[in-house]
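Enquirer: One structure, as structure tokens, below. Some questions next.
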Amino acid sequence: MKILHITPEIAPWSKAGGLGDATSALAKNLAALGHEVRVATPLYGSVPGREQMGTVLDSLKVDVGGDPAKAACRVRSVDLAPTAQVWFIEHDDYYGAREIYPAREDTAERAAFFGRAALDACLQLGWIPDVIHCHDWTTGLIPVLLNTTLKSSPLGRCATVLSIHNLQHQGLLSRRILPFLRLPEWLFKPEELECLGGVNFLKGGIRHANRIITVSATYAQEILTPAFGFGLQDVVLRRQAHLDGILNGVDLDEWDAQKDKHLAKNFSAQDLAGKRACKLDLQKQFKLTDDSQAPLVGVISRLWDQKGLDLAVQALPKFLRAGRLQFVLLGSGDSWLEQEFRRLADNFPGRVGIRIGYDQALSHRIEAGCDFFLMPSRFEPCGLNQMYSMAYGTLPIVRATGGLADTVQHWNSTTHQGTGIVFQHADVGAVEWAIEQALALYARPADFVSAQKQAMREEFSWRKSAQAHVASYEKALEQR
Ligand code: ADP
């Protein structure tokens, strides 16, 4: 198949969260299965190495409304795999700044432009994909465009697939986007794109894509309900027959404890000795005391309401005061929560280490050096860190939601089976309960090591995920 992905993020060039990891690994694995893959994405100011990139199209006229002087771009390229290429849409007015999602007045145009440019690049090059796979809200109007304005173009026969990586972010923006994308005005009604007086990008994609994918089986069920649907549950419900839940995977080129270059020492399920060195390295980096009695609990996360870390910051002091655990966190987000975690570090020197910011190398060292990894998410479409943690013998403590529920098995002290600690409710008491369970497990070294080895043996393969995506593409092709 010829497959075009359209995405605002692709690692390692651009990544704000799991989406960047997912598109990169999916594209590589689809190529490994023999498909021809192109990934269209903006060339942000922060993308390294633009001088070394090839040029696919030096000047591409993009069919959008608005200022004609802003309607052209360049398309640069980098090979991701022998049959996979990334097309970077270069347009400095829209994407020259470093941020992926800046707050700007032209957010709608900026979100819509690169997708439309990708379609125009296909038309200009005569490269007509079988499947166009759109990712998250910024690309939501592409299936609408292909179903209306571009229906009779050579792209009108492409099957369209929309992946929802997080339903909370929908792109509710001004209706001026309709003439910009040359979409018909009749789409501005509640049964179509209209929502609270604006155009809802994601709603458009959900309505018009031939197939919808979300990133875990449990999340595919959750988004049908008011608690997780963020107002779009009825729109999703109407498309339920065309909805697939497909788990992301672990990119072993990036996350392999036996080969990871960021670690003080490598290790494996057969020989965990190196993990001790990783813990010491992490304790040293964060100036924590070398306390081997207490487990080290880690977090790497965006500090947003979704992640439930406000619950963690309330639950932790009790355990820290009693000297029962150590804690490290890497992340950034809501400033009040950053402040709360900084305060935690001030209150418990030698037991808490906080790094506000984004640091890829440190994220690997935290995954390797911790004993437990905490994810008390209110919702979690897939979650990647719990899978990285398991691959590194770091037991996840997770709330039973979305992909967390689908990947972590609660430790059962009767059967001695399990890969982590799973709790049900998004409240402080439940987080405290889960931490107590983790401490009890850590206090039984044989059980703890058994759980670590079971976790490390879990396989979250991108190959399997890519195969499931292909099956979904085939259904989309039938339905187009
Ligand atoms: P989300 O996409 O909701 O942020 P995921 O768990 O799916 O959550 O993916 C988050 C990804 O971003 C993981 O690869 C994680 O390691 C990475 N990440 C998040 N915050 C940071 C940070 N501060 N530094 C380094 N990596 C981070």
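Every chain in the structure tokens takes a letter, A first, then B, and so on in the order presented; its residues are numbered from 1, and the ligands are numbered from 1 following the presented order.
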Neighbours of Ala322 in chain A within 12 Å (only C-alpha atoms; same-chain residues fewer than 4 positions away dropped), as JSON, numbers by chain?
Expert: {"A": [294, 316, 317, 318, 326, 348, 351]}
Enquirer: Can you tell me, as a ChimeraX atom specification, which residues in range 12-143 of chain A count as strand (DSSP E or B) by DSSP?
Expert: /A:14,36-42,54-61,72-81,84-90,131-135
Enquirer: Go through chain A and flag each residue having an atom no more than 9 Å from ligand 1; for those, report the closest pair of atoms plus their distance in Å to one decimal, using only C-alpha atoms and all ligand atoms, ordered by chain and rising number, as JSON lines.
Expert:
```
{"residue": "A:Lys15", "atom": "CA", "partner": "ligand 1", "partner_atom_place_in_ligand_line": "12 (O)", "distance": 7.4}
{"residue": "A:Ala16", "atom": "CA", "partner": "ligand 1", "partner_atom_place_in_ligand_line": "12 (O)", "distance": 6.5}
{"residue": "A:Gly17", "atom": "CA", "partner": "ligand 1", "partner_atom_place_in_ligand_line": "2 (O)", "distance": 3.6}
{"residue": "A:Gly18", "atom": "CA", "partner": "ligand 1", "partner_atom_place_in_ligand_line": "9 (O)", "distance": 3.3}
{"residue": "A:Leu19", "atom": "CA", "partner": "ligand 1", "partner_atom_place_in_ligand_line": "2 (O)", "distance": 5.7}
{"residue": "A:Gly20", "atom": "CA", "partner": "ligand 1", "partner_atom_place_in_ligand_line": "11 (C)", "distance": 8.0}
{"residue": "A:Asp21", "atom": "CA", "partner": "ligand 1", "partner_atom_place_in_ligand_line": "14 (O)", "distance": 6.4}
{"residue": "A:Ala22", "atom": "CA", "partner": "ligand 1", "partner_atom_place_in_ligand_line": "7 (O)", "distance": 8.4}
{"residue": "A:His165", "atom": "CA", "partner": "ligand 1", "partner_atom_place_in_ligand_line": "2 (O)", "distance": 7.7}
{"residue": "A:Asn166", "atom": "CA", "partner": "ligand 1", "partner_atom_place_in_ligand_line": "3 (O)", "distance": 7.5}
{"residue": "A:Asn248", "atom": "CA", "partner": "ligand 1", "partner_atom_place_in_ligand_line": "7 (O)", "distance": 8.8}
{"residue": "A:Val299", "atom": "CA", "partner": "ligand 1", "partner_atom_place_in_ligand_line": "20 (N)", "distance": 8.9}
{"residue": "A:Ile300", "atom": "CA", "partner": "ligand 1", "partner_atom_place_in_ligand_line": "20 (N)", "distance": 5.2}
{"residue": "A:Ser301", "atom": "CA", "partner": "ligand 1", "partner_atom_place_in_ligand_line": "20 (N)", "distance": 4.0}
{"residue": "A:Arg302", "atom": "CA", "partner": "ligand 1", "partner_atom_place_in_ligand_line": "20 (N)", "distance": 5.0}
{"residue": "A:Leu303", "atom": "CA", "partner": "ligand 1", "partner_atom_place_in_ligand_line": "20 (N)", "distance": 8.4}
{"residue": "A:Gln306", "atom": "CA", "partner": "ligand 1", "partner_atom_place_in_ligand_line": "3 (O)", "distance": 8.1}
{"residue": "A:Lys307", "atom": "CA", "partner": "ligand 1", "partner_atom_place_in_ligand_line": "3 (O)", "distance": 7.7}
{"residue": "A:Leu329", "atom": "CA", "partner": "ligand 1", "partner_atom_place_in_ligand_line": "23 (N)", "distance": 8.6}
{"residue": "A:Leu330", "atom": "CA", "partner": "ligand 1", "partner_atom_place_in_ligand_line": "23 (N)", "distance": 5.0}
{"residue": "A:Gly331", "atom": "CA", "partner": "ligand 1", "partner_atom_place_in_ligand_line": "23 (N)", "distance": 3.5}
{"residue": "A:Ser332", "atom": "CA", "partner": "ligand 1", "partner_atom_place_in_ligand_line": "23 (N)", "distance": 5.8}
{"residue": "A:Gly333", "atom": "CA", "partner": "ligand 1", "partner_atom_place_in_ligand_line": "23 (N)", "distance": 9.0}
{"residue": "A:Arg355", "atom": "CA", "partner": "ligand 1", "partner_atom_place_in_ligand_line": "23 (N)", "distance": 8.1}
{"residue": "A:Ile356", "atom": "CA", "partner": "ligand 1", "partner_atom_place_in_ligand_line": "23 (N)", "distance": 7.1}
{"residue": "A:Gly357", "atom": "CA", "partner": "ligand 1", "partner_atom_place_in_ligand_line": "23 (N)", "distance": 5.1}
{"residue": "A:Tyr358", "atom": "CA", "partner": "ligand 1", "partner_atom_place_in_ligand_line": "24 (N)", "distance": 3.5}
{"residue": "A:Asp359", "atom": "CA", "partner": "ligand 1", "partner_atom_place_in_ligand_line": "24 (N)", "distance": 4.1}
{"residue": "A:Gln360", "atom": "CA", "partner": "ligand 1", "partner_atom_place_in_ligand_line": "25 (C)", "distance": 4.3}
{"residue": "A:Ala361", "atom": "CA", "partner": "ligand 1", "partner_atom_place_in_ligand_line": "25 (C)", "distance": 7.5}
{"residue": "A:Leu362", "atom": "CA", "partner": "ligand 1", "partner_atom_place_in_ligand_line": "25 (C)", "distance": 7.0}
{"residue": "A:Ser363", "atom": "CA", "partner": "ligand 1", "partner_atom_place_in_ligand_line": "25 (C)", "distance": 5.0}
{"residue": "A:His364", "atom": "CA", "partner": "ligand 1", "partner_atom_place_in_ligand_line": "16 (O)", "distance": 7.7}
{"residue": "A:Glu367", "atom": "CA", "partner": "ligand 1", "partner_atom_place_in_ligand_line": "16 (O)", "distance": 8.6}
{"residue": "A:Met375", "atom": "CA", "partner": "ligand 1", "partner_atom_place_in_ligand_line": "6 (O)", "distance": 8.9}
{"residue": "A:Glu380", "atom": "CA", "partner": "ligand 1", "partner_atom_place_in_ligand_line": "3 (O)", "distance": 6.9}
{"residue": "A:Pro381", "atom": "CA", "partner": "ligand 1", "partner_atom_place_in_ligand_line": "7 (O)", "distance": 7.5}
{"residue": "A:Cys382", "atom": "CA", "partner": "ligand 1", "partner_atom_place_in_ligand_line": "7 (O)", "distance": 6.0}
{"residue": "A:Gly383", "atom": "CA", "partner": "ligand 1", "partner_atom_place_in_ligand_line": "6 (O)", "distance": 3.7}
{"residue": "A:Leu384", "atom": "CA", "partner": "ligand 1", "partner_atom_place_in_ligand_line": "6 (O)", "distance": 4.0}
{"residue": "A:Asn385", "atom": "CA", "partner": "ligand 1", "partner_atom_place_in_ligand_line": "6 (O)", "distance": 4.8}
{"residue": "A:Gln386", "atom": "CA", "partner": "ligand 1", "partner_atom_place_in_ligand_line": "6 (O)", "distance": 7.3}
{"residue": "A:Met387", "atom": "CA", "partner": "ligand 1", "partner_atom_place_in_ligand_line": "6 (O)", "distance": 8.8}
{"residue": "A:Tyr388", "atom": "CA", "partner": "ligand 1", "partner_atom_place_in_ligand_line": "16 (O)", "distance": 8.1}
```
Enquirer: Could you name the residues that touch range 454-457 of chain A at 8 Å or less, counting only C-alpha atoms, but leaving out those on the same chain fewer than 3 positions away, as number ranges by chain?
Expert: A: 269, 390-395, 417-420, 450-451
Enquirer: To one decimal in Å, tell me the separation between CA of Thr401 in chain A and CA of Ala426 in chain A.
Expert: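 Between CA of Thr401 in chain A and CA of Ala426 in chain A the gap is 9.8 Å.
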